[in-house]
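**Q** Input file: query_38.txt. Contents: compact mmCIF, C-alpha atoms and all ligand atoms.
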# COMPACT_ATOMS: atom_id res chain seq x y z
CA MET H 1 -47.07 -72.25 11.13
CA ILE H 2 -50.68 -72.29 9.85
CA SER H 3 -52.86 -75.38 9.63
CA VAL H 4 -56.37 -75.13 8.19
CA GLN H 5 -58.48 -78.30 8.19
CA ASP H 6 -61.82 -78.50 6.44
CA LEU H 7 -62.69 -74.87 7.13
CA THR H 8 -66.14 -73.53 6.26
CA LYS H 9 -67.69 -70.14 6.85
CA GLN H 10 -71.30 -69.44 6.07
CA TYR H 11 -72.95 -65.99 6.09
CA ALA H 12 -76.75 -66.04 6.26
CA GLY H 13 -77.05 -69.10 4.05
CA ARG H 14 -74.18 -68.10 1.72
CA MET H 15 -71.13 -70.38 1.79
CA ALA H 16 -68.18 -67.93 1.64
CA VAL H 17 -65.55 -70.60 2.46
CA ASP H 18 -66.34 -74.15 1.47
CA HIS H 19 -64.33 -76.97 3.12
CA ILE H 20 -60.81 -75.73 2.48
CA SER H 21 -57.64 -77.24 3.94
CA PHE H 22 -54.06 -76.03 3.62
CA GLU H 23 -50.83 -75.57 5.56
CA VAL H 24 -48.22 -72.83 5.60
CA GLN H 25 -44.70 -73.76 6.74
CA PRO H 26 -42.39 -71.44 8.72
CA GLY H 27 -40.44 -69.03 6.51
CA GLU H 28 -42.72 -69.39 3.48
CA ILE H 29 -44.28 -66.53 1.56
CA VAL H 30 -47.62 -67.85 0.39
CA GLY H 31 -49.92 -66.02 -1.99
CA PHE H 32 -53.61 -66.40 -1.38
CA LEU H 33 -55.21 -65.76 -4.67
CA GLY H 34 -58.71 -65.46 -6.05
CA PRO H 35 -61.08 -63.06 -7.77
CA ASN H 36 -63.28 -60.62 -5.84
CA GLY H 37 -65.65 -62.45 -3.52
CA ALA H 38 -63.65 -65.71 -3.63
CA GLY H 39 -63.47 -65.88 0.18
CA LYS H 40 -59.92 -64.61 0.80
CA SER H 41 -60.77 -61.93 3.38
CA THR H 42 -63.17 -64.26 5.16
CA THR H 43 -60.47 -66.94 5.50
CA MET H 44 -57.98 -64.35 6.77
CA ARG H 45 -60.46 -63.02 9.32
CA VAL H 46 -60.97 -66.55 10.63
CA LEU H 47 -57.21 -67.16 10.74
CA THR H 48 -56.62 -64.01 12.74
CA GLY H 49 -59.37 -64.85 15.24
CA PHE H 50 -61.59 -61.93 14.19
CA MET H 51 -64.42 -64.23 13.21
CA PRO H 52 -65.47 -67.75 14.22
CA PRO H 53 -65.59 -70.45 11.56
CA THR H 54 -68.84 -72.30 10.88
CA SER H 55 -66.87 -75.56 11.06
CA GLY H 56 -63.33 -76.84 10.74
CA GLN H 57 -60.08 -76.48 12.66
CA VAL H 58 -57.51 -73.73 12.42
CA THR H 59 -54.24 -73.54 14.32
CA VAL H 60 -51.61 -70.81 14.12
CA ASN H 61 -48.16 -71.41 15.57
CA GLY H 62 -49.63 -74.49 17.27
CA PHE H 63 -52.46 -72.54 18.97
CA ASP H 64 -56.15 -73.06 18.27
CA VAL H 65 -57.53 -69.77 16.87
CA PHE H 66 -60.53 -69.78 19.17
CA ARG H 67 -59.53 -71.53 22.31
CA GLN H 68 -56.14 -69.76 22.43
CA SER H 69 -56.94 -66.54 20.62
CA LEU H 70 -54.61 -64.34 22.73
CA GLU H 71 -51.58 -66.51 21.88
CA VAL H 72 -52.66 -66.52 18.24
CA ARG H 73 -52.92 -62.73 18.13
CA ARG H 74 -49.45 -62.43 19.65
CA SER H 75 -48.10 -64.64 16.86
CA ILE H 76 -49.75 -62.66 14.05
CA GLY H 77 -49.25 -59.26 12.50
CA TYR H 78 -52.48 -58.64 10.62
CA MET H 79 -52.97 -55.96 8.03
CA PRO H 80 -56.62 -55.93 6.96
CA GLU H 81 -57.73 -54.69 3.57
CA MET H 82 -58.06 -50.87 3.83
CA ALA H 83 -56.40 -50.91 7.24
CA PRO H 84 -58.17 -48.52 9.59
CA LEU H 85 -55.73 -45.84 10.75
CA TYR H 86 -56.34 -42.82 12.97
CA THR H 87 -56.03 -40.05 10.43
CA ASP H 88 -55.77 -37.28 13.02
CA MET H 89 -52.69 -38.84 14.63
CA LYS H 90 -49.08 -38.34 13.57
CA VAL H 91 -47.21 -41.41 12.31
CA LYS H 92 -44.85 -41.89 15.26
CA GLU H 93 -47.57 -41.01 17.77
CA TYR H 94 -49.85 -43.61 16.17
CA LEU H 95 -47.18 -46.32 16.22
CA ARG H 96 -46.44 -45.59 19.91
CA PHE H 97 -50.16 -45.80 20.66
CA ARG H 98 -50.42 -49.14 18.83
CA GLY H 99 -47.23 -50.35 20.55
CA GLU H 100 -48.78 -49.60 23.92
CA LEU H 101 -51.86 -51.64 23.04
CA LYS H 102 -49.54 -54.47 22.08
CA GLY H 103 -47.76 -54.30 25.43
CA LEU H 104 -44.55 -52.48 24.45
CA ARG H 105 -43.03 -50.13 27.03
CA GLY H 106 -39.99 -47.90 27.62
CA ARG H 107 -36.80 -48.85 25.81
CA ASP H 108 -38.47 -51.71 23.89
CA MET H 109 -41.09 -49.30 22.61
CA ARG H 110 -38.48 -46.77 21.42
CA ARG H 111 -36.40 -49.50 19.75
CA ARG H 112 -39.31 -51.18 17.94
CA VAL H 113 -40.98 -47.96 16.78
CA GLY H 114 -37.62 -46.81 15.36
CA GLU H 115 -36.97 -50.18 13.72
CA VAL H 116 -40.35 -50.54 12.03
CA MET H 117 -40.28 -46.93 10.83
CA ASP H 118 -36.89 -47.59 9.20
CA LEU H 119 -37.94 -50.98 7.81
CA CYS H 120 -41.10 -49.58 6.25
CA SER H 121 -39.44 -46.30 5.14
CA VAL H 122 -41.84 -44.04 7.03
CA ALA H 123 -39.26 -42.34 9.30
CA ASP H 124 -39.22 -39.28 7.03
CA VAL H 125 -42.94 -38.69 7.65
CA ARG H 126 -42.95 -39.57 11.36
CA ARG H 127 -44.19 -36.10 12.37
CA ARG H 128 -46.84 -35.87 9.64
CA LEU H 129 -50.57 -36.42 10.19
CA ILE H 130 -51.64 -39.81 8.80
CA GLY H 131 -54.62 -38.10 7.14
CA ASN H 132 -52.23 -36.04 4.98
CA LEU H 133 -50.18 -39.01 3.74
CA SER H 134 -50.40 -40.66 0.33
CA LYS H 135 -51.99 -44.10 0.04
CA GLY H 136 -48.53 -45.69 -0.34
CA TYR H 137 -47.29 -44.16 2.91
CA ARG H 138 -50.47 -45.11 4.76
CA GLN H 139 -50.11 -48.68 3.58
CA ARG H 140 -46.55 -48.75 4.91
CA VAL H 141 -47.65 -47.25 8.25
CA ALA H 142 -50.21 -50.09 8.49
CA LEU H 143 -47.46 -52.61 7.74
CA ALA H 144 -45.18 -50.98 10.35
CA ASP H 145 -48.05 -51.39 12.85
CA ALA H 146 -48.45 -55.08 11.92
CA LEU H 147 -44.70 -55.61 12.51
CA LEU H 148 -44.44 -53.76 15.84
CA HIS H 149 -44.68 -56.73 18.20
CA GLU H 150 -42.25 -58.81 16.03
CA PRO H 151 -44.83 -61.45 15.10
CA PRO H 152 -43.43 -64.55 13.40
CA LEU H 153 -46.45 -64.60 11.04
CA LEU H 154 -47.77 -61.78 8.87
CA ILE H 155 -51.24 -61.98 7.36
CA LEU H 156 -51.70 -59.24 4.81
CA ASP H 157 -54.97 -58.66 2.99
CA GLU H 158 -54.27 -57.08 -0.42
CA PRO H 159 -51.18 -55.16 0.75
CA THR H 160 -50.66 -53.48 -2.63
CA SER H 161 -54.26 -52.66 -3.55
CA GLY H 162 -54.75 -49.09 -4.70
CA LEU H 163 -51.01 -48.35 -4.92
CA ASP H 164 -49.21 -46.97 -7.97
CA PRO H 165 -46.58 -49.15 -9.71
CA ILE H 166 -43.64 -47.57 -7.86
CA GLN H 167 -45.33 -48.00 -4.49
CA ILE H 168 -46.25 -51.60 -5.41
CA ARG H 169 -42.60 -52.35 -6.12
CA GLN H 170 -41.54 -50.79 -2.79
CA VAL H 171 -44.04 -52.90 -0.84
CA ARG H 172 -42.96 -56.06 -2.71
CA GLU H 173 -39.30 -55.35 -1.94
CA LEU H 174 -40.16 -54.76 1.68
CA LEU H 175 -42.03 -58.08 1.91
CA ALA H 176 -39.17 -59.93 0.24
CA SER H 177 -36.75 -58.40 2.80
CA LEU H 178 -38.90 -59.75 5.68
CA ARG H 179 -38.62 -63.30 4.35
CA PRO H 180 -35.94 -64.78 6.60
CA LYS H 181 -37.61 -63.74 9.86
CA HIS H 182 -41.28 -63.85 9.01
CA THR H 183 -43.75 -66.27 7.48
CA ILE H 184 -46.13 -64.34 5.23
CA LEU H 185 -49.60 -65.14 3.93
CA LEU H 186 -50.78 -62.41 1.59
CA SER H 187 -53.96 -62.16 -0.38
CA THR H 188 -54.08 -60.54 -3.76
CA HIS H 189 -55.81 -60.77 -7.06
CA ILE H 190 -52.70 -59.59 -8.89
CA LEU H 191 -51.15 -62.71 -10.38
CA GLN H 192 -47.88 -61.03 -11.30
CA GLU H 193 -47.34 -60.23 -7.64
CA VAL H 194 -47.57 -63.87 -6.70
CA GLU H 195 -45.27 -64.93 -9.51
CA GLN H 196 -42.63 -62.48 -8.30
CA ILE H 197 -42.49 -62.99 -4.55
CA CYS H 198 -44.36 -66.09 -3.46
CA ASP H 199 -42.90 -69.54 -2.80
CA ARG H 200 -46.34 -71.08 -3.07
CA VAL H 201 -49.78 -70.18 -4.32
CA ILE H 202 -53.14 -71.13 -2.86
CA MET H 203 -55.93 -70.38 -5.31
CA ILE H 204 -59.54 -70.17 -4.25
CA HIS H 205 -62.69 -69.56 -6.25
CA HIS H 206 -66.29 -69.52 -4.97
CA GLY H 207 -64.89 -70.42 -1.54
CA ARG H 208 -63.27 -73.64 -2.79
CA LEU H 209 -59.61 -74.55 -3.05
CA LEU H 210 -58.59 -74.71 -6.72
CA ALA H 211 -54.85 -75.20 -6.40
CA ASN H 212 -52.01 -75.29 -3.90
CA ASP H 213 -48.56 -75.44 -5.47
CA THR H 214 -45.47 -73.44 -6.46
CA PRO H 215 -46.01 -70.84 -9.21
CA ALA H 216 -43.59 -72.80 -11.44
CA ASN H 217 -45.38 -76.13 -10.95
CA LEU H 218 -48.75 -74.57 -11.60
CA THR H 219 -47.69 -73.16 -14.93
CA LYS H 220 -45.98 -76.47 -15.79
CA LYS H 221 -49.16 -78.41 -15.11
CA LEU H 222 -51.18 -76.17 -17.36
CA ARG H 223 -52.96 -78.04 -20.07
CA ALA H 224 -52.86 -75.04 -22.38
CA LEU H 225 -50.07 -75.43 -24.87
CA THR H 226 -46.84 -73.55 -25.02
CA GLN H 227 -46.78 -71.27 -28.05
CA VAL H 228 -43.94 -70.38 -30.40
CA PHE H 229 -44.18 -67.45 -32.79
CA VAL H 230 -42.37 -67.71 -36.12
CA GLU H 231 -42.15 -65.32 -39.06
CA VAL H 232 -40.81 -66.97 -42.20
CA ASN H 233 -40.03 -66.01 -45.78
CA GLY H 234 -39.71 -69.34 -47.61
CA GLU H 235 -40.66 -71.51 -50.56
CA GLY H 236 -43.01 -74.54 -50.47
CA ASP H 237 -45.60 -75.55 -47.90
CA VAL H 238 -44.06 -73.89 -44.85
CA ALA H 239 -47.01 -74.63 -42.55
CA ALA H 240 -46.96 -78.36 -43.34
CA ALA H 241 -43.19 -78.54 -42.77
CA LEU H 242 -43.56 -76.77 -39.41
CA GLU H 243 -46.41 -79.07 -38.43
CA SER H 244 -44.28 -82.14 -39.13
CA LEU H 245 -41.80 -81.16 -36.39
CA PRO H 246 -41.98 -83.40 -33.29
CA THR H 247 -44.16 -81.99 -30.42
CA VAL H 248 -45.82 -79.39 -32.69
CA ARG H 249 -49.55 -80.00 -32.42
CA LYS H 250 -50.91 -77.24 -34.57
CA VAL H 251 -49.69 -74.45 -36.85
CA ILE H 252 -51.85 -71.36 -37.28
CA GLU H 253 -51.19 -68.81 -40.01
CA ASP H 254 -51.70 -65.41 -38.36
CA SER H 255 -50.87 -62.83 -41.02
CA ARG H 256 -48.91 -62.08 -44.18
CA ASP H 257 -46.65 -59.14 -44.92
CA GLY H 258 -45.40 -59.34 -48.55
CA SER H 259 -43.41 -62.55 -48.80
CA TRP H 260 -43.32 -62.95 -44.99
CA THR H 261 -45.84 -65.10 -43.13
CA HIS H 262 -46.39 -65.08 -39.38
CA TYR H 263 -47.30 -68.41 -37.72
CA THR H 264 -48.24 -69.48 -34.20
CA LEU H 265 -47.09 -72.99 -33.33
CA ARG H 266 -48.96 -74.79 -30.54
CA VAL H 267 -46.44 -77.04 -28.87
CA GLU H 268 -46.85 -79.78 -26.27
CA PRO H 269 -46.30 -78.36 -22.75
CA GLY H 270 -42.72 -78.28 -21.55
CA ASN H 271 -41.20 -78.54 -25.04
CA ASP H 272 -39.12 -76.02 -26.91
CA VAL H 273 -39.12 -76.32 -30.70
CA ARG H 274 -37.17 -73.16 -31.44
CA GLU H 275 -33.95 -75.01 -32.27
CA ALA H 276 -35.80 -77.46 -34.52
CA VAL H 277 -37.44 -74.51 -36.33
CA MET H 278 -34.00 -72.91 -36.84
CA ASN H 279 -32.58 -76.15 -38.24
CA LEU H 280 -35.60 -76.62 -40.53
CA ALA H 281 -35.30 -73.05 -41.83
CA ALA H 282 -31.57 -73.54 -42.49
CA SER H 283 -32.14 -76.83 -44.32
CA LYS H 284 -34.90 -75.30 -46.50
CA ASN H 285 -33.12 -72.01 -47.06
CA TRP H 286 -35.96 -70.01 -45.45
CA LYS H 287 -35.38 -66.61 -43.95
CA LEU H 288 -36.53 -66.07 -40.34
CA ARG H 289 -37.18 -62.69 -38.74
CA GLU H 290 -39.01 -63.77 -35.61
CA LEU H 291 -38.70 -66.83 -33.41
CA HIS H 292 -39.86 -66.66 -29.82
CA ARG H 293 -41.58 -68.80 -27.23
CA GLN H 294 -44.39 -67.75 -24.92
CA LEU H 295 -44.83 -69.79 -21.75
CA PRO H 296 -48.23 -69.89 -20.07
CA SER H 297 -48.53 -67.38 -17.24
CA LEU H 298 -50.07 -67.92 -13.84
CA GLU H 299 -53.02 -65.95 -15.15
CA ASP H 300 -53.62 -68.64 -17.79
CA VAL H 301 -53.55 -71.27 -15.03
CA PHE H 302 -56.07 -69.38 -12.98
CA VAL H 303 -58.44 -68.78 -15.91
CA GLU H 304 -58.25 -72.45 -16.87
CA LEU H 305 -58.78 -73.76 -13.31
CA ALA H 306 -61.61 -71.31 -12.64
CA ALA H 307 -63.30 -72.29 -15.91
CA SER H 308 -63.24 -75.97 -14.90
CA GLU H 309 -64.86 -75.20 -11.52
CA PRO H 310 -68.68 -75.52 -11.54
CA VAL H 311 -70.25 -72.19 -10.54
CA LYS H 312 -72.52 -72.39 -7.52
CA SER H 313 -75.72 -70.39 -7.30
N1 LIG J 401 -70.13 -59.91 6.59
C1 LIG J 401 -70.64 -60.54 5.52
N2 LIG J 401 -71.94 -60.88 5.45
C2 LIG J 401 -72.45 -61.55 4.40
N3 LIG J 401 -71.74 -61.93 3.31
C3 LIG J 401 -70.43 -61.61 3.31
C4 LIG J 401 -69.81 -60.90 4.40
N4 LIG J 401 -68.49 -60.74 4.11
C5 LIG J 401 -68.30 -61.31 2.90
N5 LIG J 401 -69.44 -61.83 2.40
C6 LIG J 401 -69.61 -62.57 1.14
O1 LIG J 401 -68.79 -63.73 1.22
C7 LIG J 401 -68.12 -63.96 -0.03
C8 LIG J 401 -66.61 -63.95 0.17
O2 LIG J 401 -66.21 -62.62 0.50
P1 LIG J 401 -64.71 -62.21 0.86
O3 LIG J 401 -64.71 -60.77 1.25
O4 LIG J 401 -64.15 -63.20 1.80
O5 LIG J 401 -64.00 -62.41 -0.56
P2 LIG J 401 -62.58 -61.90 -1.07
O6 LIG J 401 -62.00 -63.02 -1.82
O7 LIG J 401 -61.81 -61.34 0.06
O8 LIG J 401 -62.99 -60.74 -2.06
P3 LIG J 401 -62.30 -59.28 -2.30
O9 LIG J 401 -61.08 -59.54 -3.12
O10 LIG J 401 -63.37 -58.55 -3.05
O11 LIG J 401 -62.01 -58.71 -0.94
C9 LIG J 401 -68.64 -62.88 -0.97
O12 LIG J 401 -69.70 -63.41 -1.71
C10 LIG J 401 -69.12 -61.78 -0.05
O13 LIG J 401 -70.16 -61.05 -0.65
Let me see whether you can do it: turn the structure in this file into structure tokens.
Ligand SMILES: Nc1ncnc2c1ncn2[C@@H]1O[C@H](COP(=O)(O)OP(=O)(O)OP(=O)(O)O)[C@@H](O)[C@H]1O
**A**
Amino acid sequence: MISVQDLTKQYAGRMAVDHISFEVQPGEIVGFLGPNGAGKSTTMRVLTGFMPPTSGQVTVNGFDVFRQSLEVRRSIGYMPEMAPLYTDMKVKEYLRFRGELKGLRGRDMRRRVGEVMDLCSVADVRRRLIGNLSKGYRQRVALADALLHEPPLLILDEPTSGLDPIQIRQVRELLASLRPKHTILLSTHILQEVEQICDRVIMIHHGRLLANDTPANLTKKLRALTQVFVEVNGEGDVAAALESLPTVRKVIEDSRDGSWTHYTLRVEPGNDVREAVMNLAASKNWKLRELHRQLPSLEDVFVELAASEPVKS
């Protein structure tokens, strides 16, 4: 659905996108992730034909973004960051106006405006002025606009930025519900968002591609160790006994509370020593009041990958 080959974009000597390549397959929800200034919006603007690349090749739905920009625009529903809306128009009036620009007429117009208002839950505010709506509603009006011409591909730049947690959940649910019919590329710097709804993650930093994989594979690949937290009340050298368990690399004593000691166990990635800790405690007659495992999050992956990337001036 999207093919990006060796894309670069330079602004007045500054390399905003630096030789990145990736593909997005039909039906995927792909998260485009990176800190502020990483080059996400620039890449999306190139993909949607709003800006020419400095070099590289980009095709959307088989069409070249520059030579066949009309076909590309027909294939894409684009929601830019801080989508510009006409604040002095009413919601339904605005969607009809946008529909007209996108070539909808008569019965098709009525059907699509009704459908997108229902899909994006804005029908209840259809007669309200956009300027008087909350940020969450405005965001959904912008999404309804992006969906009007039934594009197979949605490109959404930070669709949940500035929303409160309830609104964020509503937008996420809406995106998940679009999954069977639409391919979605969404940019965000909220890692949790990606973990929850995306099939794949593309991470960029300083304009360069850092990773391109499923959220699960990325966390699996993480070099940082899995951690297990244990709180034990026991006789003898508890730390040494814990350290002797297979796959435990390091035992750190965190704190003491009377006869209880809290330890963090650094374990080789992908291993779970909780059962071995239980068996050890039973064999030594220790008491346990905490035993839980913490897997690395996508945030840990990003921090680690970004740290290993040389910073350009
Ligand atoms: N029109 C422009 N002219 C010059 N430099 C620009 C322009 N637009 C963006 N940049 C620079 O290019 C780099 C990438 O910006 P971009 O907006 O693509 O990043 P981003 O990942 O979308 O960040 P954010 O999450 O803050 O939107 C930044 O250093 C930015 O300052």
**Q** Write out as a VMD selection string each polymer residue (protein, DNA or RNA) that has an atom no more than 9 Å from ligand LIG 401 (chain J), with only C-alpha atoms and all ligand atoms counted.
**A** chain H and resid 9 to 17 33 to 45 81 157 to 158 187 to 189 204 to 207
**Q** Tell me which protein, DNA and RNA residues are within 9 Å of Leu175 of chain H, counting all atoms listed in the file, leaving out same-chain ones fewer than 3 positions away, and put them as a ChimeraX atom specification.
**A** /H:29,170-172,178-179,184,197
**Q** Just the residues within 12 Å of Glu100 of chain H, please, counting only C-alpha atoms, with nothing from its chain fewer than 4 positions along; format it as an NGL selection string.
**A** :H and (93-96 or 104-106 or 108-110 or 112-113 or 145 or 148-149)
**Q** Tell me, as a list in words, which residues lie within 10 Å of Ala281 of chain H, counting all atoms listed in the file; anything in the same chain fewer than 2 positions away does not count.
**A**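 That gives Val232, Asn233, Gly234, Val238, Ala241, Leu242, Glu275, Ala276, Val277, Met278, Asn279, Ser283, Lys284, Asn285, Trp286, Lys287 and Leu288 of chain H.
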**Q** Could you name the residues that touch segment 291-303 of chain H at 8 Å or less, counting only C-alpha atoms, but leaving out those on the same chain fewer than 6 positions away, as a PyMOL selection string?
**A** chain H and resi 191-192+195+203+215+218-219+222+224-231+272+274
**Q** Provide the atom CA of His182 of chain H to atom CA of Ala83 of chain H distance in Å, to one decimal place.
**A**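 Taking atom CA of His182 of chain H and atom CA of Ala83 of chain H, their separation equals 20.0 Å.
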**Q** Dig up all the protein and nucleic acid residues within 10 Å of (-46.7, -75.3, 6.5) in the file frame, using only C-alpha atoms, and format them as a PyMOL selection string.
**A** chain H and resi 1-4+22-28+30+61+183
**Q** Could you pull the residues within 12 Å of Gln167 of chain H, counting only C-alpha atoms, minus those fewer than 2 positions along the same chain, as a PyMOL selection string?
**A** chain H and resi 120-121+134-140+159-165+169-174
**Q** Please enclose the listed atoms of segment 269-279 of chain H in an axis-aligned box, pad each side by 5 Å, and write out the centre and the three edge lengths in Å, rounded to one decimal, as AutoDock Vina command-line options.
**A**
--center_x -39.4 --center_y -75.7 --center_z -29.9 --size_x 23.7 --size_y 15.6 --size_z 26.7
**Q** Considering all atoms listed in the file, state which residue in the set H:Leu154, H:Leu85, H:Ile20, H:Val141 is at the smallest distance from Leu185 of chain H.
**A** H:Leu154
